[in-house]
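Listing of coords_5.cif; format and content: mmCIF, C-alpha atoms.
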```
data_structure
loop_
_atom_site.label_atom_id
_atom_site.label_comp_id
_atom_site.auth_asym_id
_atom_site.auth_seq_id
_atom_site.Cartn_x
_atom_site.Cartn_y
_atom_site.Cartn_z
CA MET H 1 143.54 139.75 76.64
CA ALA H 2 145.05 141.86 73.88
CA VAL H 3 142.16 144.32 74.11
CA LEU H 4 142.79 144.69 77.81
CA LEU H 5 146.49 145.37 77.40
CA LEU H 6 145.86 147.88 74.64
CA SER H 7 143.39 149.88 76.69
CA GLY H 8 145.56 149.89 79.77
CA ILE H 9 148.97 150.73 78.44
CA LEU H 10 148.58 154.34 77.32
CA PRO H 11 147.04 155.71 80.53
CA PHE H 12 149.55 153.68 82.53
CA LEU H 13 152.50 155.25 80.73
CA LEU H 14 150.98 158.71 80.86
CA SER H 15 150.30 158.40 84.55
CA PHE H 16 154.01 158.96 85.13
CA TYR H 17 153.74 162.41 83.59
CA PRO H 18 155.02 164.29 86.64
CA PRO H 19 152.77 167.40 86.82
CA LEU H 20 149.79 165.21 87.45
CA GLY H 21 151.35 163.87 90.63
CA PHE H 22 149.30 160.79 90.07
CA TRP H 23 151.30 158.33 92.14
CA LYS H 24 151.35 160.57 95.19
CA ASN H 25 147.92 159.18 95.92
CA PHE H 26 148.81 155.58 95.51
CA LYS H 27 146.83 154.59 98.59
CA ALA H 28 143.67 156.30 97.38
CA LEU H 29 144.09 154.58 94.04
CA PHE H 30 144.60 151.22 95.71
CA PHE H 31 141.52 151.52 97.90
CA SER H 32 139.25 152.81 95.12
CA ILE H 33 140.25 150.01 92.79
CA GLY H 34 139.94 147.53 95.66
CA ILE H 35 136.33 148.54 96.26
CA ILE H 36 135.52 148.24 92.56
CA VAL H 37 137.09 144.78 92.37
CA ILE H 38 135.04 143.62 95.36
CA VAL H 39 131.70 145.20 94.44
CA PHE H 40 131.73 144.59 90.70
CA GLY H 41 133.68 141.35 90.92
CA GLY H 42 130.97 140.15 93.29
CA TRP H 43 128.24 141.28 90.91
CA ASP H 44 130.00 139.58 88.03
CA MET H 45 130.47 136.31 89.93
CA PHE H 46 126.78 136.33 90.78
CA ALA H 47 125.81 137.13 87.19
CA ALA H 48 128.05 134.43 85.76
CA TRP H 49 126.72 131.97 88.31
CA ARG H 50 123.09 132.80 87.53
CA GLY H 51 123.86 132.80 83.84
CA HIS H 52 123.04 136.44 83.12
CA TRP H 53 126.02 136.30 80.82
CA TYR H 54 128.81 133.93 80.01
CA PHE H 55 132.20 133.98 78.36
CA ASP H 56 133.20 132.27 75.16
CA ARG H 57 136.13 130.05 76.06
CA ARG H 58 137.81 130.82 72.75
CA GLY H 59 137.99 134.51 73.64
CA VAL H 60 139.87 134.21 76.92
CA CYS H 61 143.32 132.91 77.84
CA GLY H 62 141.97 129.99 79.82
CA VAL H 63 142.99 130.98 83.33
CA TRP H 64 139.95 131.13 85.62
CA LEU H 65 139.65 132.55 89.10
CA PHE H 66 136.48 131.31 90.80
CA ASN H 67 133.93 131.33 87.99
CA LEU H 68 135.40 134.26 86.07
CA PRO H 69 138.18 134.40 83.48
CA LEU H 70 141.39 136.11 84.55
CA GLU H 71 140.70 138.82 81.97
CA GLU H 72 137.51 139.78 83.75
CA TRP H 73 139.35 140.31 87.04
CA LEU H 74 142.04 142.36 85.37
CA PHE H 75 139.28 144.36 83.70
CA PHE H 76 138.15 145.49 87.15
CA VAL H 77 141.65 146.78 87.84
CA VAL H 78 142.47 148.30 84.46
CA VAL H 79 139.18 150.06 83.83
CA PRO H 80 139.00 151.98 87.14
CA PHE H 81 142.64 152.86 86.69
CA CYS H 82 142.03 154.25 83.21
CA CYS H 83 138.92 156.09 84.37
CA ILE H 84 140.59 157.72 87.33
CA PHE H 85 143.50 158.64 85.13
CA THR H 86 141.22 160.13 82.49
CA TRP H 87 139.36 162.06 85.18
CA GLU H 88 142.58 163.53 86.58
CA ALA H 89 143.83 164.32 83.09
CA LEU H 90 140.62 166.19 82.26
CA LYS H 91 140.79 168.16 85.49
CA PHE H 92 144.41 168.98 84.71
CA ILE H 93 143.66 170.15 81.17
CA LYS H 94 140.73 172.24 82.37
CA GLY H 95 142.85 173.82 85.07
CA LYS H 96 145.47 174.79 82.53
CA GLY H 97 142.93 176.39 80.23
CA ARG H 98 141.95 178.89 82.86
CA MET W 1 112.98 137.71 86.01
CA LYS W 2 115.02 140.55 84.62
CA GLU W 3 117.70 140.16 87.23
CA TYR W 4 120.39 142.02 85.32
CA THR W 5 118.01 144.97 84.87
CA LEU W 6 117.20 144.97 88.60
CA LEU W 7 120.84 144.78 89.64
CA ALA W 8 121.68 147.60 87.24
CA ALA W 9 118.96 149.75 88.77
CA GLY W 10 120.26 148.89 92.23
CA SER W 11 123.76 149.95 91.26
CA LEU W 12 122.41 153.37 90.28
CA VAL W 13 121.03 153.79 93.78
CA LEU W 14 124.43 152.82 95.14
CA VAL W 15 126.10 155.51 93.02
CA PHE W 16 123.71 158.22 94.25
CA LEU W 17 124.15 157.11 97.84
CA ALA W 18 127.94 156.93 97.62
CA ASP W 19 128.07 160.33 95.96
CA ARG W 20 126.04 161.86 98.78
CA LEU W 21 127.56 160.05 101.74
CA THR W 22 131.13 160.76 100.70
CA GLN W 23 130.22 164.41 100.03
CA VAL W 24 132.08 164.18 96.75
CA ARG W 25 128.98 165.32 94.79
CA LEU W 26 130.52 164.24 91.54
CA LEU W 27 127.12 164.15 89.89
CA LYS W 28 126.87 167.91 90.32
CA LYS W 29 130.06 168.64 88.44
CA LYS W 30 129.85 169.63 84.78
CA LEU W 31 133.24 168.16 83.98
CA PHE W 32 132.02 164.77 85.10
CA TYR W 33 129.52 164.60 82.24
CA PHE W 34 132.18 165.51 79.74
CA PHE W 35 134.29 162.77 81.30
CA LEU W 36 131.42 160.29 80.84
CA LEU W 37 131.26 161.18 77.15
CA VAL W 38 134.97 160.45 76.75
CA ILE W 39 134.60 157.13 78.56
CA LEU W 40 131.50 156.30 76.51
CA GLY W 41 133.61 156.56 73.37
CA PHE W 42 136.06 154.00 74.68
CA LYS W 43 133.23 151.85 75.91
CA PHE W 44 131.76 151.59 72.44
CA LEU W 45 135.14 150.48 71.15
CA VAL W 46 135.88 147.84 73.77
CA ASN W 47 132.43 146.68 74.83
CA GLY W 48 131.25 146.77 71.23
CA TYR W 49 134.09 144.50 70.23
CA LEU W 50 133.52 142.05 73.08
CA THR W 51 129.80 141.77 72.49
CA GLY W 52 130.02 141.98 68.71
CA GLU W 53 132.54 139.17 68.47
CA GLY W 54 130.54 137.09 70.91
CA ILE W 55 133.27 136.87 73.54
CA VAL W 56 130.74 137.82 76.19
CA LEU W 57 127.28 136.33 75.63
CA TYR W 58 124.04 137.31 77.35
CA ASN W 59 121.05 135.28 78.38
CA ARG W 60 117.97 136.91 76.88
CA SER W 61 115.74 136.15 79.84
CA PHE W 62 117.71 138.31 82.28
CA PHE W 63 117.82 141.67 80.52
CA LEU W 64 115.33 143.88 78.71
CA GLY W 65 116.70 143.00 75.31
CA ALA W 66 117.34 146.55 74.15
CA ARG W 67 120.78 146.98 72.64
CA ALA W 68 122.82 149.83 71.20
CA GLY W 69 124.59 148.07 68.38
CA SER W 70 125.61 144.84 70.05
CA ILE W 71 125.77 146.26 73.57
CA PRO W 72 122.86 145.56 75.94
CA LEU W 73 121.31 148.63 77.54
CA GLU W 74 122.11 147.30 81.01
CA ASP W 75 125.80 147.22 80.16
CA PHE W 76 125.77 151.01 79.95
CA ILE W 77 124.37 151.23 83.46
CA PHE W 78 126.90 148.69 84.72
CA GLY W 79 129.64 150.78 83.13
CA PHE W 80 128.27 154.06 84.42
CA SER W 81 128.06 152.76 87.98
CA MET W 82 131.52 151.27 87.90
CA VAL W 83 133.13 154.37 86.42
CA SER W 84 131.28 156.74 88.74
CA LEU W 85 132.04 154.76 91.87
CA ALA W 86 135.72 154.51 90.93
CA VAL W 87 136.00 158.29 90.62
CA ILE W 88 133.83 158.98 93.69
CA PHE W 89 135.98 156.77 95.91
CA TRP W 90 139.14 158.12 94.37
CA GLU W 91 138.10 161.69 95.19
CA PHE W 92 136.95 160.61 98.64
CA PHE W 93 140.15 158.80 99.66
CA LYS W 94 142.32 161.46 98.10
CA GLY W 95 140.48 164.19 99.97
CA ARG W 96 140.73 162.46 103.31
CA LYS W 97 144.50 162.39 103.25
CA ARG W 98 144.81 166.15 103.13
#
```

Please express what this file holds, its structure, as C-alpha coordinates.
Amino acid sequence: MAVLLLSGILPFLLSFYPPLGFWKNFKALFFSIGIIVIVFGGWDMFAAWRGHWYFDRRGVCGVWLFNLPLEEWLFFVVVPFCCIFTWEALKFIKGKGR
Amino acid sequence: MKEYTLLAAGSLVLVFLADRLTQVRLLKKKLFYFFLLVILGFKFLVNGYLTGEGIVLYNRSFFLGARAGSIPLEDFIFGFSMVSLAVIFWEFFKGRKR
(Lines of atoms letter the chains of each structure in order from A and count residues from 1; the text may use other names and numbers.)
(Lines give C-alpha, C1' and ligand atoms only; values in the text may rest on other atoms or scores of the structure.)
Protein backbone atom coordinates (compact mmCIF):
# COMPACT_ATOMS: atom_id res chain seq x y z
CA MET A 1 0.00 0.00 0.00
CA ALA A 2 2.80 2.40 0.88
CA VAL A 3 4.56 1.64 -2.40
CA LEU A 4 1.40 2.47 -4.27
CA LEU A 5 0.90 5.80 -2.54
CA LEU A 6 4.52 6.76 -3.06
CA SER A 7 4.42 6.10 -6.78
CA GLY A 8 1.15 7.91 -7.27
CA ILE A 9 1.60 11.08 -5.30
CA LEU A 10 4.24 12.95 -7.29
CA PRO A 11 2.59 12.68 -10.72
CA PHE A 12 -0.76 13.47 -9.10
CA LEU A 13 0.54 16.71 -7.61
CA LEU A 14 2.41 17.64 -10.77
CA SER A 15 -0.65 17.02 -12.89
CA PHE A 16 -2.03 20.30 -11.59
CA TYR A 17 0.87 22.17 -13.18
CA PRO A 18 -1.29 24.42 -15.37
CA PRO A 19 0.60 24.56 -18.71
CA LEU A 20 0.03 20.88 -19.18
CA GLY A 21 -3.73 21.39 -19.17
CA PHE A 22 -3.96 17.87 -17.93
CA TRP A 23 -7.40 17.99 -16.35
CA LYS A 24 -9.02 19.49 -19.42
CA ASN A 25 -9.19 15.97 -20.72
CA PHE A 26 -10.69 14.44 -17.65
CA LYS A 27 -13.11 12.37 -19.70
CA ALA A 28 -10.38 10.88 -21.87
CA LEU A 29 -8.43 10.06 -18.73
CA PHE A 30 -11.46 8.45 -17.13
CA PHE A 31 -12.24 6.27 -20.14
CA SER A 32 -8.63 5.19 -20.72
CA ILE A 33 -8.19 4.19 -17.10
CA GLY A 34 -11.60 2.51 -17.16
CA ILE A 35 -10.56 0.29 -20.07
CA ILE A 36 -7.31 -0.64 -18.33
CA VAL A 37 -9.14 -1.53 -15.12
CA ILE A 38 -11.55 -3.77 -17.03
CA VAL A 39 -9.05 -5.46 -19.36
CA PHE A 40 -6.16 -5.93 -16.96
CA GLY A 41 -8.36 -6.37 -13.90
CA GLY A 42 -10.06 -9.17 -15.82
CA TRP A 43 -6.71 -10.70 -16.75
CA ASP A 44 -5.56 -10.44 -13.16
CA MET A 45 -8.73 -12.02 -11.77
CA PHE A 46 -8.31 -14.90 -14.20
CA ALA A 47 -4.62 -15.28 -13.34
CA ALA A 48 -5.28 -15.22 -9.60
CA TRP A 49 -8.10 -17.70 -10.04
CA ARG A 50 -5.97 -20.07 -12.11
CA GLY A 51 -3.08 -19.58 -9.73
CA HIS A 52 -0.63 -18.00 -12.19
CA TRP A 53 0.34 -15.81 -9.28
CA TYR A 54 -0.87 -15.09 -5.81
CA PHE A 55 -0.49 -12.43 -3.16
CA ASP A 56 1.17 -12.78 0.20
CA ARG A 57 -1.46 -11.81 2.75
CA ARG A 58 1.16 -10.11 4.89
CA GLY A 59 1.97 -7.69 2.09
CA VAL A 60 -1.52 -6.29 1.55
CA CYS A 61 -3.92 -4.33 3.75
CA GLY A 62 -6.46 -7.14 3.89
CA VAL A 63 -9.31 -5.61 1.92
CA TRP A 64 -10.25 -7.86 -1.02
CA LEU A 65 -12.48 -7.12 -3.96
CA PHE A 66 -13.49 -10.32 -5.74
CA ASN A 67 -10.33 -12.41 -5.61
CA LEU A 68 -7.87 -9.51 -5.74
CA PRO A 69 -6.47 -7.31 -2.98
CA LEU A 70 -7.62 -3.69 -2.96
CA GLU A 71 -4.04 -2.65 -3.74
CA GLU A 72 -4.15 -4.52 -7.02
CA TRP A 73 -7.27 -2.65 -8.13
CA LEU A 74 -5.79 0.69 -7.16
CA PHE A 75 -2.65 -0.32 -9.06
CA PHE A 76 -4.74 -0.42 -12.24
CA VAL A 77 -5.83 3.16 -11.60
CA VAL A 78 -2.56 4.64 -10.36
CA VAL A 79 -0.25 3.11 -12.94
CA PRO A 80 -2.16 4.24 -16.06
CA PHE A 81 -2.52 7.64 -14.46
CA CYS A 82 1.22 7.91 -13.85
CA CYS A 83 2.00 6.62 -17.34
CA ILE A 84 -0.32 9.03 -19.09
CA PHE A 85 1.06 11.82 -16.97
CA THR A 86 4.64 10.86 -17.77
CA TRP A 87 3.78 10.65 -21.46
CA GLU A 88 2.25 14.14 -21.46
CA ALA A 89 5.16 15.50 -19.46
CA LEU A 90 7.66 14.09 -21.96
CA LYS A 91 5.73 15.54 -24.88
CA PHE A 92 5.64 18.88 -23.08
CA ILE A 93 9.38 18.89 -22.37
CA LYS A 94 10.17 17.90 -25.93
CA GLY A 95 7.92 20.62 -27.29
CA LYS A 96 9.69 23.21 -25.18
CA GLY A 97 13.12 22.12 -26.36
CA ARG A 98 12.28 22.96 -29.93
CA MET B 1 0.56 -25.08 -19.91
CA LYS B 2 2.36 -21.77 -19.96
CA GLU B 3 -0.85 -19.82 -19.67
CA TYR B 4 0.75 -16.61 -18.44
CA THR B 5 3.14 -16.69 -21.41
CA LEU B 6 0.24 -17.21 -23.82
CA LEU B 7 -1.84 -14.43 -22.31
CA ALA B 8 1.15 -12.11 -22.45
CA ALA B 9 1.64 -12.89 -26.13
CA GLY B 10 -2.07 -12.29 -26.71
CA SER B 11 -1.86 -8.91 -25.03
CA LEU B 12 0.88 -7.90 -27.48
CA VAL B 13 -1.47 -8.63 -30.35
CA LEU B 14 -4.09 -6.50 -28.62
CA VAL B 15 -1.64 -3.60 -28.38
CA PHE B 16 -0.77 -3.78 -32.09
CA LEU B 17 -4.43 -4.01 -33.03
CA ALA B 18 -5.48 -1.14 -30.78
CA ASP B 19 -2.63 1.00 -32.07
CA ARG B 20 -3.73 0.43 -35.66
CA LEU B 21 -7.49 0.61 -35.22
CA THR B 22 -7.40 3.83 -33.24
CA GLN B 23 -4.96 5.33 -35.77
CA VAL B 24 -2.85 6.56 -32.89
CA ARG B 25 0.25 4.76 -34.24
CA LEU B 26 2.06 5.21 -30.99
CA LEU B 27 4.46 2.42 -31.85
CA LYS B 28 5.81 4.54 -34.69
CA LYS B 29 6.74 7.45 -32.48
CA LYS B 30 10.33 7.78 -31.30
CA LEU B 31 9.33 9.53 -28.10
CA PHE B 32 7.28 6.52 -27.11
CA TYR B 33 10.39 4.36 -26.81
CA PHE B 34 12.09 6.94 -24.66
CA PHE B 35 8.93 6.97 -22.56
CA LEU B 36 9.12 3.17 -22.22
CA LEU B 37 12.67 3.48 -20.92
CA VAL B 38 11.56 5.95 -18.25
CA ILE B 39 8.69 3.68 -17.23
CA LEU B 40 11.01 0.66 -17.24
CA GLY B 41 13.14 2.39 -14.62
CA PHE B 42 10.17 2.79 -12.32
CA LYS B 43 9.05 -0.73 -13.07
CA PHE B 44 12.33 -2.16 -11.83
CA LEU B 45 11.90 -0.20 -8.62
CA VAL B 46 8.31 -1.16 -7.88
CA ASN B 47 7.96 -4.56 -9.51
CA GLY B 48 11.41 -5.54 -8.29
CA TYR B 49 10.40 -4.73 -4.75
CA LEU B 50 7.09 -6.60 -4.95
CA THR B 51 8.61 -9.73 -6.44
CA GLY B 52 11.84 -9.53 -4.45
CA GLU B 53 10.04 -9.28 -1.13
CA GLY B 54 7.68 -12.06 -2.13
CA ILE B 55 4.52 -9.96 -1.92
CA VAL B 56 3.48 -11.30 -5.31
CA LEU B 57 4.36 -14.95 -5.87
CA TYR B 58 4.33 -16.86 -9.15
CA ASN B 59 3.49 -20.43 -9.96
CA ARG B 60 6.41 -21.91 -11.88
CA SER B 61 4.26 -24.05 -14.13
CA PHE B 62 2.53 -21.09 -15.80
CA PHE B 63 5.45 -18.99 -17.03
CA LEU B 64 8.71 -19.65 -18.84
CA GLY B 65 10.78 -19.22 -15.73
CA ALA B 66 13.11 -16.56 -17.10
CA ARG B 67 13.53 -13.63 -14.75
CA ALA B 68 15.35 -10.31 -14.78
CA GLY B 69 16.43 -10.09 -11.17
CA SER B 70 13.30 -11.22 -9.39
CA ILE B 71 10.89 -10.12 -12.12
CA PRO B 72 9.47 -12.77 -14.46
CA LEU B 73 9.93 -12.05 -18.16
CA GLU B 74 6.17 -12.14 -18.71
CA ASP B 75 5.72 -9.30 -16.24
CA PHE B 76 7.56 -7.01 -18.64
CA ILE B 77 5.11 -7.87 -21.39
CA PHE B 78 2.16 -7.39 -19.05
CA GLY B 79 3.58 -4.00 -18.11
CA PHE B 80 4.34 -3.03 -21.69
CA SER B 81 0.83 -3.88 -22.84
CA MET B 82 -0.82 -2.07 -19.98
CA VAL B 83 1.29 1.05 -20.37
CA SER B 84 0.93 1.12 -24.16
CA LEU B 85 -2.82 0.60 -24.11
CA ALA B 86 -3.26 3.32 -21.49
CA VAL B 87 -1.44 5.85 -23.67
CA ILE B 88 -3.07 4.65 -26.90
CA PHE B 89 -6.57 5.06 -25.48
CA TRP B 90 -5.65 8.34 -23.87
CA GLU B 91 -4.47 9.74 -27.21
CA PHE B 92 -7.51 8.27 -28.95
CA PHE B 93 -10.14 9.71 -26.60
CA LYS B 94 -8.33 13.01 -26.36
CA GLY B 95 -8.15 13.29 -30.13
CA ARG B 96 -11.81 12.52 -30.64
CA LYS B 97 -12.94 15.45 -28.55
CA ARG B 98 -11.31 18.00 -30.80

Using all atoms listed in the file, which residues of chain H come within 9 Å of chain W, and what is the closest atom pair for each, with the distance in Å to one decimal? Give it as JSON lines, sorted by chain and residue number.
```
{"residue": "H:Val3", "atom": "CA", "partner": "W:Val46", "partner_atom": "CA", "distance": 7.2}
{"residue": "H:Leu4", "atom": "CA", "partner": "W:Val46", "partner_atom": "CA", "distance": 8.6}
{"residue": "H:Ser7", "atom": "CA", "partner": "W:Val46", "partner_atom": "CA", "distance": 8.3}
{"residue": "H:Asn25", "atom": "CA", "partner": "W:Lys94", "partner_atom": "CA", "distance": 6.4}
{"residue": "H:Lys27", "atom": "CA", "partner": "W:Phe93", "partner_atom": "CA", "distance": 8.0}
{"residue": "H:Ala28", "atom": "CA", "partner": "W:Phe93", "partner_atom": "CA", "distance": 4.9}
{"residue": "H:Leu29", "atom": "CA", "partner": "W:Trp90", "partner_atom": "CA", "distance": 6.1}
{"residue": "H:Phe30", "atom": "CA", "partner": "W:Trp90", "partner_atom": "CA", "distance": 8.9}
{"residue": "H:Phe31", "atom": "CA", "partner": "W:Phe93", "partner_atom": "CA", "distance": 7.6}
{"residue": "H:Ser32", "atom": "CA", "partner": "W:Phe89", "partner_atom": "CA", "distance": 5.2}
{"residue": "H:Ile33", "atom": "CA", "partner": "W:Ala86", "partner_atom": "CA", "distance": 6.7}
{"residue": "H:Ile35", "atom": "CA", "partner": "W:Ala86", "partner_atom": "CA", "distance": 8.0}
{"residue": "H:Ile36", "atom": "CA", "partner": "W:Ala86", "partner_atom": "CA", "distance": 6.5}
{"residue": "H:Val39", "atom": "CA", "partner": "W:Met82", "partner_atom": "CA", "distance": 8.9}
{"residue": "H:Phe40", "atom": "CA", "partner": "W:Met82", "partner_atom": "CA", "distance": 7.2}
{"residue": "H:Trp43", "atom": "CA", "partner": "W:Leu7", "partner_atom": "CA", "distance": 8.3}
{"residue": "H:Ala47", "atom": "CA", "partner": "W:Tyr4", "partner_atom": "CA", "distance": 7.5}
{"residue": "H:Gly51", "atom": "CA", "partner": "W:Asn59", "partner_atom": "CA", "distance": 6.6}
{"residue": "H:His52", "atom": "CA", "partner": "W:Asn59", "partner_atom": "CA", "distance": 5.3}
{"residue": "H:Trp53", "atom": "CA", "partner": "W:Tyr58", "partner_atom": "CA", "distance": 4.1}
{"residue": "H:Tyr54", "atom": "CA", "partner": "W:Leu57", "partner_atom": "CA", "distance": 5.2}
{"residue": "H:Phe55", "atom": "CA", "partner": "W:Val56", "partner_atom": "CA", "distance": 4.6}
{"residue": "H:Asp56", "atom": "CA", "partner": "W:Ile55", "partner_atom": "CA", "distance": 4.9}
{"residue": "H:Arg57", "atom": "CA", "partner": "W:Ile55", "partner_atom": "CA", "distance": 7.8}
{"residue": "H:Arg58", "atom": "CA", "partner": "W:Ile55", "partner_atom": "CA", "distance": 7.6}
{"residue": "H:Gly59", "atom": "CA", "partner": "W:Ile55", "partner_atom": "CA", "distance": 5.3}
{"residue": "H:Val60", "atom": "CA", "partner": "W:Ile55", "partner_atom": "CA", "distance": 7.9}
{"residue": "H:Phe76", "atom": "CA", "partner": "W:Met82", "partner_atom": "CA", "distance": 8.8}
{"residue": "H:Val79", "atom": "CA", "partner": "W:Val83", "partner_atom": "CA", "distance": 7.9}
{"residue": "H:Pro80", "atom": "CA", "partner": "W:Ala86", "partner_atom": "CA", "distance": 5.6}
{"residue": "H:Phe81", "atom": "CA", "partner": "W:Ala86", "partner_atom": "CA", "distance": 8.3}
{"residue": "H:Cys83", "atom": "CA", "partner": "W:Val83", "partner_atom": "CA", "distance": 6.4}
{"residue": "H:Ile84", "atom": "CA", "partner": "W:Val87", "partner_atom": "CA", "distance": 5.7}
{"residue": "H:Thr86", "atom": "CA", "partner": "W:Phe35", "partner_atom": "CA", "distance": 7.5}
{"residue": "H:Trp87", "atom": "CA", "partner": "W:Phe35", "partner_atom": "CA", "distance": 6.4}
{"residue": "H:Leu90", "atom": "CA", "partner": "W:Phe35", "partner_atom": "CA", "distance": 7.3}
{"residue": "H:Lys91", "atom": "CA", "partner": "W:Leu31", "partner_atom": "CA", "distance": 7.7}
{"residue": "H:Lys94", "atom": "CA", "partner": "W:Leu31", "partner_atom": "CA", "distance": 8.7}
```

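One finds CA of Ala9 in chain W at 16.6 Å from CA of Leu27 in chain W.
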
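One finds CA of Leu12 in chain W at 13.6 Å from CA of Leu73 in chain W.
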
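CA of Thr5 in chain W is positioned 6.1 Å from CA of Glu74 in chain W.
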
Residues matched by the PyMOL selection byres ((chain W and resi 69) around 10) as a VMD selection string: chain W and resid 44 48 51 to 52 66 to 68 70 to 73

Ground truth for the PyMOL selection byres ((chain H and resi 73) around 10), written as a short mmCIF file (atom, residue, chain, number, x, y, z; two decimals) with C-alpha atoms, keeping the file's coordinate frame:
```
data_model
loop_
_atom_site.label_atom_id
_atom_site.label_comp_id
_atom_site.auth_asym_id
_atom_site.auth_seq_id
_atom_site.Cartn_x
_atom_site.Cartn_y
_atom_site.Cartn_z
CA VAL H 37 137.09 144.78 92.37
CA ILE H 38 135.04 143.62 95.36
CA PHE H 40 131.73 144.59 90.70
CA GLY H 41 133.68 141.35 90.92
CA ASP H 44 130.00 139.58 88.03
CA TRP H 64 139.95 131.13 85.62
CA LEU H 65 139.65 132.55 89.10
CA LEU H 68 135.40 134.26 86.07
CA PRO H 69 138.18 134.40 83.48
CA LEU H 70 141.39 136.11 84.55
CA GLU H 71 140.70 138.82 81.97
CA GLU H 72 137.51 139.78 83.75
CA LEU H 74 142.04 142.36 85.37
CA PHE H 75 139.28 144.36 83.70
CA PHE H 76 138.15 145.49 87.15
CA VAL H 77 141.65 146.78 87.84
CA VAL H 78 142.47 148.30 84.46
#
```

Put the listed atoms of range 60-75 of chain H in a box along x, y and z with 6 Å added on every side and give me the centre and edge lengths in Å to one decimal, as lines of an AutoDock Vina configuration file.
```
center_x = 138.6
center_y = 137.2
center_z = 83.9
size_x = 21.4
size_y = 26.4
size_z = 25.9
```
